[in-house]
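Undergrad: Got a structure for you, my_file_0.txt, holding compact mmCIF, C-alpha atoms.
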# COMPACT_ATOMS: atom_id res chain seq x y z
CA MET A 108 -33.76 -34.23 95.67
CA ARG A 109 -30.32 -33.50 94.26
CA ARG A 110 -28.61 -30.46 95.75
CA PHE A 111 -25.35 -28.89 94.66
CA ILE A 112 -23.36 -26.45 96.77
CA VAL A 113 -20.72 -24.56 94.81
CA ILE A 114 -18.30 -22.29 96.61
CA GLY A 115 -17.33 -19.20 94.61
CA HIS A 116 -14.21 -18.19 96.46
CA ARG A 117 -13.81 -14.82 94.78
CA ALA A 118 -17.32 -14.31 93.37
CA VAL A 119 -18.66 -10.79 93.71
CA THR A 120 -21.12 -10.12 96.54
CA ASP A 121 -22.94 -7.07 95.29
CA GLY A 122 -24.80 -6.31 92.07
CA ASN A 123 -22.28 -3.76 90.93
CA PHE A 124 -20.59 -5.73 88.13
CA LYS A 125 -20.76 -5.68 84.35
CA LEU A 126 -22.43 -8.50 82.42
CA ASN A 127 -19.58 -8.09 79.90
CA ASP A 128 -16.92 -8.89 82.49
CA MET A 129 -18.25 -11.80 84.52
CA ALA A 130 -15.10 -13.90 84.08
CA GLY A 131 -12.94 -10.99 85.23
CA GLY A 132 -14.26 -8.25 87.48
CA ALA A 133 -17.04 -10.41 88.92
CA GLY A 134 -14.54 -12.92 90.41
CA ARG A 135 -15.08 -15.84 88.04
CA LEU A 136 -18.84 -15.60 88.34
CA ASP A 137 -18.86 -17.34 84.94
CA VAL A 138 -17.93 -20.61 86.66
CA LEU A 139 -20.98 -20.41 88.91
CA LEU A 140 -23.26 -19.53 86.00
CA ARG A 141 -22.17 -22.62 84.11
CA CYS A 142 -22.86 -24.66 87.24
CA VAL A 143 -26.43 -23.34 87.25
CA ASN A 144 -26.82 -24.43 83.63
CA SER A 145 -25.44 -27.90 84.40
CA ALA A 146 -27.63 -28.34 87.45
CA PHE A 147 -30.94 -27.60 85.75
CA PHE A 148 -31.01 -28.04 82.00
CA LEU A 149 -32.35 -31.03 80.16
CA SER A 150 -32.98 -30.93 76.44
CA HIS A 151 -36.71 -30.48 76.89
CA GLY A 152 -37.01 -28.92 80.29
CA ILE A 153 -35.68 -28.28 83.74
CA ARG A 154 -34.59 -30.79 86.38
CA ARG A 155 -37.32 -29.95 88.88
CA ASP A 156 -35.85 -32.22 91.59
CA THR A 157 -32.66 -30.13 91.81
CA GLU A 158 -31.45 -27.15 93.80
CA ILE A 159 -28.16 -25.30 93.68
CA TYR A 160 -26.57 -23.05 96.29
CA LEU A 161 -23.99 -20.55 95.09
CA ILE A 162 -21.88 -19.50 98.06
CA MET A 163 -20.21 -16.27 97.06
CA LEU A 164 -17.17 -15.15 99.01
CA GLY A 165 -15.66 -12.28 97.03
CA PRO A 166 -15.73 -8.55 97.77
CA PRO A 167 -17.25 -6.33 98.93
CA ASN A 168 -19.45 -7.99 101.51
CA PRO A 169 -19.16 -11.79 101.85
CA PRO A 170 -20.74 -14.20 102.37
CA VAL A 171 -23.81 -14.22 100.16
CA THR A 172 -25.69 -17.37 99.20
CA VAL A 173 -27.95 -17.46 96.18
CA ARG A 174 -30.24 -20.50 96.13
CA LEU A 175 -31.98 -21.63 92.95
CA VAL A 176 -34.89 -24.06 93.23
CA GLY A 177 -35.72 -26.23 90.21
CA LYS A 178 -39.35 -26.80 91.00
CA GLU A 179 -40.08 -23.06 91.17
CA ILE A 180 -37.60 -21.48 88.81
CA ARG A 181 -38.67 -19.35 85.86
CA TYR A 182 -36.96 -17.07 83.34
CA LEU A 183 -33.87 -19.31 83.31
CA ASN A 184 -32.08 -19.61 79.97
CA PRO A 185 -28.96 -21.66 79.30
CA ASP A 186 -26.60 -18.85 78.31
CA GLU A 187 -24.22 -17.27 80.80
CA ARG A 188 -25.29 -13.70 80.19
CA SER A 189 -28.98 -14.12 80.99
CA THR A 190 -28.24 -16.19 84.10
CA GLY A 191 -25.73 -13.53 85.15
CA SER A 192 -28.51 -10.99 84.98
CA LEU A 193 -30.73 -13.10 87.28
CA ILE A 194 -27.88 -13.50 89.79
CA ARG A 195 -27.16 -9.77 89.70
CA ASN A 196 -30.80 -9.06 90.51
CA ALA A 197 -30.56 -11.46 93.44
CA LEU A 198 -27.38 -9.82 94.77
CA LEU A 199 -29.10 -6.44 94.66
CA LYS A 200 -31.71 -7.82 97.10
CA ALA A 201 -29.32 -9.41 99.61
CA GLU A 202 -30.20 -7.92 102.98
CA SER A 203 -29.46 -10.06 105.98
CA ASP A 204 -29.19 -13.70 106.98
CA ARG A 205 -32.92 -13.98 106.34
CA GLU A 206 -33.59 -15.36 102.89
CA VAL A 207 -35.33 -13.02 100.43
CA ASN A 208 -37.04 -14.05 97.20
CA SER A 209 -35.53 -12.32 94.20
CA SER A 210 -37.37 -13.84 91.23
CA PRO A 211 -39.37 -17.08 90.87
CA GLY A 212 -37.21 -19.85 92.30
CA ILE A 213 -34.27 -17.62 93.25
CA TYR A 214 -33.51 -16.70 96.86
CA VAL A 215 -30.70 -14.74 98.45
CA SER A 216 -29.32 -14.38 101.98
CA ARG A 217 -26.15 -13.25 103.72
CA VAL A 218 -25.02 -16.65 104.95
CA GLY A 219 -22.06 -18.89 104.16
CA LEU A 220 -21.16 -22.58 103.94
CA GLU A 221 -21.60 -23.33 107.64
CA GLU A 222 -25.17 -22.04 107.80
CA VAL A 223 -26.11 -23.65 104.50
CA MET A 224 -24.88 -27.05 105.61
CA GLU A 225 -26.60 -26.77 108.98
CA GLY A 226 -29.85 -26.36 107.13
CA LEU A 227 -29.21 -29.55 105.16
CA ALA A 228 -28.16 -31.76 108.06
CA ASP A 229 -30.59 -34.56 107.12
CA SER A 230 -29.13 -34.88 103.66
CA ARG A 231 -26.45 -37.34 102.49
CA VAL A 232 -23.40 -35.20 101.80
CA ILE A 233 -21.20 -36.13 98.85
CA TYR A 234 -17.84 -34.44 98.51
CA LEU A 235 -16.55 -34.66 94.97
CA HIS A 236 -12.85 -35.30 95.30
CA GLU A 237 -10.21 -36.71 93.01
CA ASN A 238 -9.18 -39.30 95.61
CA GLY A 239 -12.69 -40.52 96.37
CA THR A 240 -14.42 -43.79 95.55
CA PRO A 241 -15.47 -43.97 91.90
CA MET A 242 -19.04 -42.71 91.94
CA GLU A 243 -20.36 -45.64 89.97
CA ASP A 244 -19.09 -48.01 92.66
CA ALA A 245 -20.31 -45.91 95.58
CA ASP A 246 -23.49 -47.12 97.18
CA ILE A 247 -25.62 -44.04 96.70
CA GLU A 248 -29.29 -44.06 97.57
CA PRO A 249 -31.47 -41.72 95.58
CA GLU A 250 -33.03 -39.78 98.41
CA GLU A 251 -31.67 -36.48 99.67
CA LEU A 252 -28.23 -35.89 98.18
CA THR A 253 -26.05 -32.82 98.68
CA PHE A 254 -22.93 -32.48 96.53
CA VAL A 255 -20.25 -30.02 97.62
CA LEU A 256 -17.82 -28.57 95.07
CA GLY A 257 -15.32 -25.76 94.76
CA ASP A 258 -15.35 -23.37 91.83
CA HIS A 259 -12.03 -23.01 89.99
CA MET A 260 -10.30 -23.30 93.38
CA ASP A 261 -10.38 -26.28 95.74
CA LEU A 262 -12.03 -26.06 99.13
CA THR A 263 -9.89 -24.41 101.79
CA GLU A 264 -8.93 -26.36 104.90
CA GLU A 265 -11.57 -24.45 106.87
CA GLU A 266 -14.24 -25.32 104.34
CA GLU A 267 -13.19 -28.96 104.29
CA ALA A 268 -13.45 -29.03 108.07
CA ILE A 269 -17.05 -27.82 107.88
CA VAL A 270 -17.93 -30.46 105.28
CA GLU A 271 -16.20 -33.22 107.28
CA LYS A 272 -18.60 -32.64 110.19
CA TYR A 273 -21.37 -34.15 108.03
CA ASN A 274 -19.53 -37.43 107.42
CA PRO A 275 -19.41 -36.99 103.67
CA LEU A 276 -18.99 -39.72 101.12
CA ARG A 277 -15.93 -38.85 99.04
CA VAL A 278 -16.50 -39.79 95.44
CA SER A 279 -14.55 -39.26 92.26
CA LEU A 280 -15.98 -39.01 88.78
CA GLY A 281 -13.12 -40.48 86.78
CA PRO A 282 -9.41 -40.23 86.08
CA GLU A 283 -9.49 -36.65 84.79
CA ILE A 284 -10.04 -33.63 87.03
CA LEU A 285 -13.00 -31.68 85.66
CA HIS A 286 -14.36 -28.16 85.94
CA ALA A 287 -17.14 -27.79 88.52
CA ASP A 288 -19.89 -27.43 85.90
CA HIS A 289 -18.71 -30.56 84.12
CA CYS A 290 -18.70 -32.41 87.45
CA ILE A 291 -22.37 -31.56 87.90
CA VAL A 292 -23.22 -32.85 84.41
CA VAL A 293 -21.41 -36.13 85.07
CA ALA A 294 -22.88 -36.58 88.56
CA HIS A 295 -26.40 -36.10 87.19
CA ASN A 296 -25.70 -38.56 84.38
CA ILE A 297 -24.33 -41.24 86.71
CA LEU A 298 -27.36 -40.85 88.98
CA ASP A 299 -29.70 -40.93 85.98
CA ARG A 300 -28.16 -44.18 84.83
CA THR A 301 -27.45 -46.01 88.03
CA VAL A 302 -29.64 -44.99 90.93
CA LYS A 303 -32.78 -47.03 91.21
CA GLY A 304 -36.18 -45.69 92.06
CA LYS A 305 -35.21 -42.08 91.51
CA MET B 19 -8.29 -38.58 68.70
CA ARG B 20 -11.79 -37.58 69.76
CA ARG B 21 -13.65 -35.41 67.29
CA PHE B 22 -17.01 -33.75 67.76
CA ILE B 23 -19.11 -32.38 64.92
CA VAL B 24 -21.88 -30.06 66.09
CA ILE B 25 -24.42 -28.75 63.61
CA GLY B 26 -25.58 -25.21 64.36
CA HIS B 27 -28.74 -25.11 62.28
CA ARG B 28 -29.35 -21.39 62.63
CA ALA B 29 -25.89 -20.21 63.71
CA VAL B 30 -24.75 -16.98 62.09
CA THR B 31 -22.32 -17.26 59.18
CA ASP B 32 -20.71 -13.86 59.20
CA GLY B 33 -18.92 -11.86 61.90
CA ASN B 34 -21.61 -9.24 62.07
CA PHE B 35 -23.19 -10.12 65.41
CA LYS B 36 -23.06 -8.69 68.91
CA LEU B 37 -21.25 -10.50 71.71
CA ASN B 38 -24.13 -9.35 73.94
CA ASP B 39 -26.72 -11.21 71.85
CA MET B 40 -25.19 -14.57 71.01
CA ALA B 41 -28.22 -16.54 72.24
CA GLY B 42 -30.54 -14.39 70.11
CA GLY B 43 -29.37 -12.60 67.00
CA ALA B 44 -26.44 -14.96 66.43
CA GLY B 45 -28.77 -17.97 65.98
CA ARG B 46 -28.08 -19.78 69.25
CA LEU B 47 -24.35 -19.46 68.85
CA ASP B 48 -24.26 -19.83 72.64
CA VAL B 49 -24.98 -23.55 72.26
CA LEU B 50 -21.92 -24.03 70.06
CA LEU B 51 -19.73 -22.01 72.42
CA ARG B 52 -20.65 -24.24 75.31
CA CYS B 53 -19.82 -27.25 73.15
CA VAL B 54 -16.33 -25.82 72.62
CA ASN B 55 -15.90 -25.48 76.38
CA SER B 56 -17.09 -29.07 76.95
CA ALA B 57 -14.83 -30.47 74.24
CA PHE B 58 -11.61 -28.96 75.52
CA PHE B 59 -11.54 -28.00 79.16
CA LEU B 60 -10.05 -30.02 81.96
CA SER B 61 -9.47 -28.54 85.39
CA HIS B 62 -5.78 -28.02 84.75
CA GLY B 63 -5.53 -27.82 81.01
CA ILE B 64 -6.87 -28.58 77.57
CA ARG B 65 -7.75 -31.93 76.05
CA ARG B 66 -5.08 -31.91 73.37
CA ASP B 67 -6.36 -35.11 71.71
CA THR B 68 -9.67 -33.44 70.78
CA GLU B 69 -11.03 -31.46 67.85
CA ILE B 70 -14.43 -29.88 67.34
CA TYR B 71 -16.11 -28.86 64.10
CA LEU B 72 -18.85 -26.24 64.32
CA ILE B 73 -20.99 -26.48 61.21
CA MET B 74 -22.86 -23.21 60.96
CA LEU B 75 -25.93 -23.06 58.77
CA GLY B 76 -27.64 -19.78 59.57
CA PRO B 77 -27.75 -16.58 57.52
CA PRO B 78 -26.37 -14.83 55.62
CA ASN B 79 -24.04 -17.21 53.79
CA PRO B 80 -24.11 -20.88 54.88
CA PRO B 81 -22.39 -23.21 55.27
CA VAL B 82 -19.35 -22.23 57.30
CA THR B 83 -17.29 -24.71 59.31
CA VAL B 84 -15.08 -23.55 62.15
CA ARG B 85 -12.61 -26.22 63.26
CA LEU B 86 -10.85 -26.01 66.63
CA VAL B 87 -7.78 -28.19 67.23
CA GLY B 88 -6.88 -29.05 70.81
CA LYS B 89 -3.19 -29.66 70.26
CA GLU B 90 -2.69 -26.21 68.71
CA ILE B 91 -5.29 -24.02 70.35
CA ARG B 92 -4.36 -20.89 72.28
CA TYR B 93 -6.21 -17.96 73.83
CA LEU B 94 -9.17 -20.20 74.73
CA ASN B 95 -10.98 -19.36 77.94
CA PRO B 96 -13.98 -21.20 79.36
CA ASP B 97 -16.52 -18.37 79.28
CA GLU B 98 -18.97 -17.94 76.41
CA ARG B 99 -18.12 -14.35 75.66
CA SER B 100 -14.40 -14.81 75.03
CA THR B 101 -14.97 -17.91 72.90
CA GLY B 102 -17.63 -15.99 70.97
CA SER B 103 -15.01 -13.40 70.17
CA LEU B 104 -12.63 -16.07 68.78
CA ILE B 105 -15.42 -17.53 66.62
CA ARG B 106 -16.38 -14.07 65.36
CA ASN B 107 -12.77 -13.49 64.29
CA ALA B 108 -12.84 -16.81 62.44
CA LEU B 109 -16.10 -15.96 60.65
CA LEU B 110 -14.58 -12.69 59.48
CA LYS B 111 -11.87 -14.71 57.70
CA ALA B 112 -14.15 -17.27 55.97
CA GLU B 113 -13.33 -17.06 52.28
CA SER B 114 -13.89 -20.21 50.29
CA ASP B 115 -13.95 -23.96 50.68
CA ARG B 116 -10.22 -23.77 51.35
CA GLU B 117 -9.49 -23.74 55.05
CA VAL B 118 -7.91 -20.57 56.46
CA ASN B 119 -6.18 -20.23 59.81
CA SER B 120 -7.82 -17.62 62.01
CA SER B 121 -5.91 -17.82 65.30
CA PRO B 122 -3.74 -20.57 66.79
CA GLY B 123 -5.73 -23.81 66.51
CA ILE B 124 -8.79 -22.25 64.84
CA TYR B 125 -9.56 -22.77 61.15
CA VAL B 126 -12.47 -21.70 58.98
CA SER B 127 -13.82 -22.73 55.59
CA ARG B 128 -17.05 -22.50 53.59
CA VAL B 129 -17.95 -26.17 53.72
CA GLY B 130 -20.79 -28.15 55.30
CA LEU B 131 -21.47 -31.55 56.86
CA GLU B 132 -20.96 -33.57 53.70
CA GLU B 133 -17.46 -32.23 53.02
CA VAL B 134 -16.46 -32.46 56.68
CA MET B 135 -17.47 -36.09 56.90
CA GLU B 136 -15.73 -36.98 53.65
CA GLY B 137 -12.53 -35.71 55.20
CA LEU B 138 -13.01 -37.99 58.21
CA ALA B 139 -13.90 -41.16 56.32
CA ASP B 140 -11.32 -43.28 58.19
CA SER B 141 -12.79 -42.37 61.55
CA ARG B 142 -15.32 -44.41 63.55
CA VAL B 143 -18.52 -42.35 63.46
CA ILE B 144 -20.68 -42.24 66.56
CA TYR B 145 -24.13 -40.76 66.29
CA LEU B 146 -25.46 -39.74 69.67
CA HIS B 147 -29.09 -40.68 69.64
CA GLU B 148 -31.66 -41.29 72.34
CA ASN B 149 -32.54 -44.71 70.88
CA GLY B 150 -28.95 -45.93 70.56
CA THR B 151 -27.04 -48.56 72.51
CA PRO B 152 -26.02 -47.31 75.95
CA MET B 153 -22.53 -45.96 75.43
CA GLU B 154 -21.05 -47.88 78.33
CA ASP B 155 -22.17 -51.14 76.70
CA ALA B 156 -21.04 -50.18 73.21
CA ASP B 157 -17.78 -51.74 72.13
CA ILE B 158 -15.83 -48.57 71.43
CA GLU B 159 -12.16 -48.68 70.58
CA PRO B 160 -10.13 -45.64 71.53
CA GLU B 161 -8.64 -44.79 68.15
CA GLU B 162 -10.21 -42.26 65.82
CA LEU B 163 -13.69 -41.38 67.02
CA THR B 164 -16.03 -38.83 65.46
CA PHE B 165 -19.19 -37.92 67.37
CA VAL B 166 -22.01 -36.19 65.49
CA LEU B 167 -24.55 -34.04 67.35
CA GLY B 168 -27.21 -31.47 66.62
CA ASP B 169 -27.35 -28.18 68.49
CA HIS B 170 -30.70 -27.33 70.10
CA MET B 171 -32.38 -28.96 67.08
CA ASP B 172 -32.10 -32.60 65.97
CA LEU B 173 -30.43 -33.53 62.73
CA THR B 174 -32.64 -33.11 59.67
CA GLU B 175 -33.44 -36.12 57.49
CA GLU B 176 -30.91 -34.92 54.94
CA GLU B 177 -28.21 -34.61 57.60
CA GLU B 178 -29.03 -38.06 58.98
CA ALA B 179 -28.74 -39.49 55.48
CA ILE B 180 -25.22 -38.09 55.17
CA VAL B 181 -24.21 -39.55 58.54
CA GLU B 182 -25.75 -42.93 57.71
CA LYS B 183 -23.38 -43.33 54.77
CA TYR B 184 -20.55 -43.77 57.29
CA ASN B 185 -22.18 -46.72 59.07
CA PRO B 186 -22.35 -44.91 62.41
CA LEU B 187 -22.63 -46.55 65.78
CA ARG B 188 -25.78 -45.15 67.45
CA VAL B 189 -25.20 -44.67 71.13
CA SER B 190 -27.22 -43.13 73.92
CA LEU B 191 -25.83 -41.54 77.06
CA GLY B 192 -28.63 -42.34 79.49
CA PRO B 193 -32.33 -42.07 80.09
CA GLU B 194 -32.50 -38.26 79.96
CA ILE B 195 -32.09 -36.25 76.76
CA LEU B 196 -29.27 -33.76 77.29
CA HIS B 197 -28.11 -30.52 75.73
CA ALA B 198 -25.34 -30.95 73.16
CA ASP B 199 -22.64 -29.50 75.43
CA HIS B 200 -23.66 -31.82 78.26
CA CYS B 201 -23.52 -34.77 75.84
CA ILE B 202 -19.90 -33.93 75.06
CA VAL B 203 -19.01 -33.80 78.77
CA VAL B 204 -20.63 -37.19 79.39
CA ALA B 205 -19.09 -38.79 76.29
CA HIS B 206 -15.62 -37.64 77.34
CA ASN B 207 -16.19 -38.94 80.86
CA ILE B 208 -17.39 -42.36 79.70
CA LEU B 209 -14.36 -42.65 77.41
CA ASP B 210 -12.05 -41.48 80.21
CA ARG B 211 -13.40 -44.19 82.51
CA THR B 212 -13.99 -47.11 80.20
CA VAL B 213 -11.83 -47.07 77.11
CA LYS B 214 -8.55 -48.85 77.56
CA GLY B 215 -5.24 -47.71 76.21
CA LYS B 216 -6.41 -44.20 75.48
Would you mind giving the structure from this file in structure tokens?
TA:
Amino acid sequence: MRRFIVIGHRAVTDGNFKLNDMAGGAGRLDVLLRCVNSAFFLSHGIRRDTEIYLIMLGPPNPPVTVRLVGKEIRYLNPDERSTGSLIRNALLKAESDREVNSSPGIYVSRVGLEEVMEGLADSRVIYLHENGTPMEDADIEPEELTFVLGDHMDLTEEEEAIVEKYNPLRVSLGPEILHADHCIVVAHNILDRTVKGK
Amino acid sequence: MRRFIVIGHRAVTDGNFKLNDMAGGAGRLDVLLRCVNSAFFLSHGIRRDTEIYLIMLGPPNPPVTVRLVGKEIRYLNPDERSTGSLIRNALLKAESDREVNSSPGIYVSRVGLEEVMEGLADSRVIYLHENGTPMEDADIEPEELTFVLGDHMDLTEEEEAIVEKYNPLRVSLGPEILHADHCIVVAHNILDRTVKGK
């Protein structure tokens, strides 16, 4: 299983935003939507062995986590607008820290990074970082992998401290610093090409 | 210079489409918009050494080619909607086979694949293809590279015949078949990591 956790530092936490203004009024929700695309889409299908957690920390009522599950997901299209609509529906159903199903393969709860990572304690945590080991040289086993990324902003010190508790492997993807959605594409590709027995 | 040619087989060729329906009525324009994002965006800037040609073959008046030039481009944001607006403005200015400037770094003309490739005859052509040599093993020099890709549809036989005239290097990016925009991300990353003297 490949899991991606993306922290949306200013991403809206209710369903009261316009699909025409997701890069503005919705707190750069567009970044998270492109991450969903990168996590799941193959040319002829969906990466069923993948999950993504969108940790949304903007107003009015953070945190909210939307979890998308590849092996269950339906109604997912690659464009930003249609995925924005699915995420808006999920935000409208956010109730408490108990996870609620919004549509097939999409779940929502009022939890943040700390709770999400506690639930994934058995997983190998990989922190994508410009000063990490080149991913191709890192000794990554294919089993349970959890990648942690920021959106258009780096992790805060508090967030880094949470991640550090899980003894993460710091890996870099190359000499250029990439957008979060591009990082996910590259990480998938390197795993596709290099990890045995996946 | 890294150039990407993406063929939009059904992409709209006038400016008469809705920004709310780019994945539908605009003939999967969304695919081309994501390719623009992949071609240009780095975390802290634009890849200035890159150009992308969108060859648009849908109704009502194909072909139209929109060319985006990294070293000149302005007003480019990563989200689909704002890039769709720039492309719509370009389509509104398409006149003849003579290229017209639409906005800084964006040019439009009524030409198709054959004319575009004639203009790039000195470039090394790379045809991304699932049965090609793995790109990391291909002996790629950093100079003038032109990648040719289809959108959500493969190249037709006629399009392949045009590309074949330029003795292309067929390269694959890994065991999974990827969306065109993901291919561009991976190709950039492999070049970033492996090509010397870039």
Undergrad: When you count only C-alpha atoms, which of these residues is closest to chain A: B:Glu113, B:Asp169, B:Glu159, B:Asp48?
TA: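 Closest candidate: B:Asp48.
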Undergrad: Tell me which of B:Arg188, B:Arg28, B:Lys183, B:Arg85 sits closest to Tyr125 of chain B, counting all atoms listed in the file.
TA: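 When distances to Tyr125 of chain B are compared using all atoms listed in the file, the smallest one comes from B:Arg85.
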Undergrad: Specify as number ranges by chain all residues of chain A found within 9 Å of chain B, counting all atoms listed in the file.
TA: A: 126-130, 137-138, 141, 145, 148-151, 185-188, 259, 280-287, 289-290, 292-293, 296-297, 299-300
Undergrad: Kindly give the distance, in Å, that separates atom CA of Val134 of chain B and atom CA of Phe165 of chain B, rounded to a single decimal.
TA: 12.3 Å
Undergrad: For a test of reading the model, state the distance in Å between atom CA of Gly131 of chain A and atom CA of Phe58 of chain B, rounded to one decimal.
TA: 20.5 Å
Undergrad: Have a look at atom CA of Val129 of chain B and atom CA of Pro186 of chain B and let me know their distance in Å, one decimal.
TA: 21.1 Å
Undergrad: Restricting the calculation to only C-alpha atoms: of A:Val270, A:Val232, A:Leu276, A:Ala146, which residue gets closest to Glu251 of chain A?
TA: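 Among the listed residues, A:Val232 lies closest to Glu251 of chain A.
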Undergrad: Skipping near chain neighbours, those fewer than 5 positions away, what residues fall within 10 Å of Asn185 of chain B using all atoms listed in the file, listed as an mmCIF file with C-alpha atoms, keeping the file's coordinate frame?
TA:
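Written file, selection_19.cif:
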data_model
loop_
_atom_site.group_PDB
_atom_site.id
_atom_site.type_symbol
_atom_site.label_atom_id
_atom_site.label_comp_id
_atom_site.auth_asym_id
_atom_site.auth_seq_id
_atom_site.Cartn_x
_atom_site.Cartn_y
_atom_site.Cartn_z
ATOM 1 C CA ARG B 142 -15.320 -44.410 63.550
ATOM 2 C CA VAL B 143 -18.520 -42.350 63.460
ATOM 3 C CA ILE B 144 -20.680 -42.240 66.560
ATOM 4 C CA TYR B 145 -24.130 -40.760 66.290
ATOM 5 C CA ILE B 180 -25.220 -38.090 55.170
#
Undergrad: Any chance you could model all heavy atoms for segment 133-139 of chain B and send them as a CSV table (one decimal), keeping the file's coordinate frame?
TA:
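Writing done, so here's result16.csv:
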chain,number,residue,atom,x,y,z
B,133,GLU,N,-18.9,-32.4,53.3
B,133,GLU,CA,-17.5,-32.2,53.0
B,133,GLU,C,-16.7,-32.6,54.3
B,133,GLU,O,-15.6,-33.2,54.2
B,133,GLU,CB,-17.1,-30.8,52.6
B,133,GLU,CG,-17.7,-30.4,51.2
B,133,GLU,CD,-19.0,-29.7,51.4
B,133,GLU,OE1,-19.8,-30.0,52.4
B,133,GLU,OE2,-19.4,-29.0,50.5
B,134,VAL,N,-17.2,-32.1,55.4
B,134,VAL,CA,-16.5,-32.5,56.7
B,134,VAL,C,-16.4,-34.0,56.9
B,134,VAL,O,-15.3,-34.5,57.2
B,134,VAL,CB,-17.1,-31.8,57.9
B,134,VAL,CG1,-16.7,-32.4,59.2
B,134,VAL,CG2,-16.9,-30.3,57.9
B,135,MET,N,-17.5,-34.6,56.7
B,135,MET,CA,-17.5,-36.1,56.9
B,135,MET,C,-16.6,-36.8,55.9
B,135,MET,O,-16.0,-37.8,56.2
B,135,MET,CB,-18.9,-36.6,57.0
B,135,MET,CG,-19.6,-36.0,58.2
B,135,MET,SD,-20.8,-37.0,59.0
B,135,MET,CE,-19.9,-38.5,59.5
B,136,GLU,N,-16.6,-36.4,54.7
B,136,GLU,CA,-15.7,-37.0,53.6
B,136,GLU,C,-14.3,-36.9,54.1
B,136,GLU,O,-13.5,-37.9,53.9
B,136,GLU,CB,-15.8,-36.3,52.3
B,136,GLU,CG,-17.0,-36.7,51.5
B,136,GLU,CD,-17.3,-35.8,50.3
B,136,GLU,OE1,-16.4,-35.0,49.9
B,136,GLU,OE2,-18.4,-35.9,49.7
B,137,GLY,N,-13.9,-35.8,54.7
B,137,GLY,CA,-12.5,-35.7,55.2
B,137,GLY,C,-12.2,-36.6,56.4
B,137,GLY,O,-11.0,-36.7,56.8
B,138,LEU,N,-13.2,-37.2,57.0
B,138,LEU,CA,-13.0,-38.0,58.2
B,138,LEU,C,-13.4,-39.4,58.0
B,138,LEU,O,-13.8,-40.2,58.9
B,138,LEU,CB,-13.8,-37.4,59.4
B,138,LEU,CG,-13.5,-36.0,59.8
B,138,LEU,CD1,-14.5,-35.5,60.8
B,138,LEU,CD2,-12.1,-36.0,60.4
B,139,ALA,N,-13.3,-39.9,56.7
B,139,ALA,CA,-13.9,-41.2,56.3
B,139,ALA,C,-13.2,-42.3,57.0
B,139,ALA,O,-13.8,-43.4,57.2
B,139,ALA,CB,-13.8,-41.3,54.8
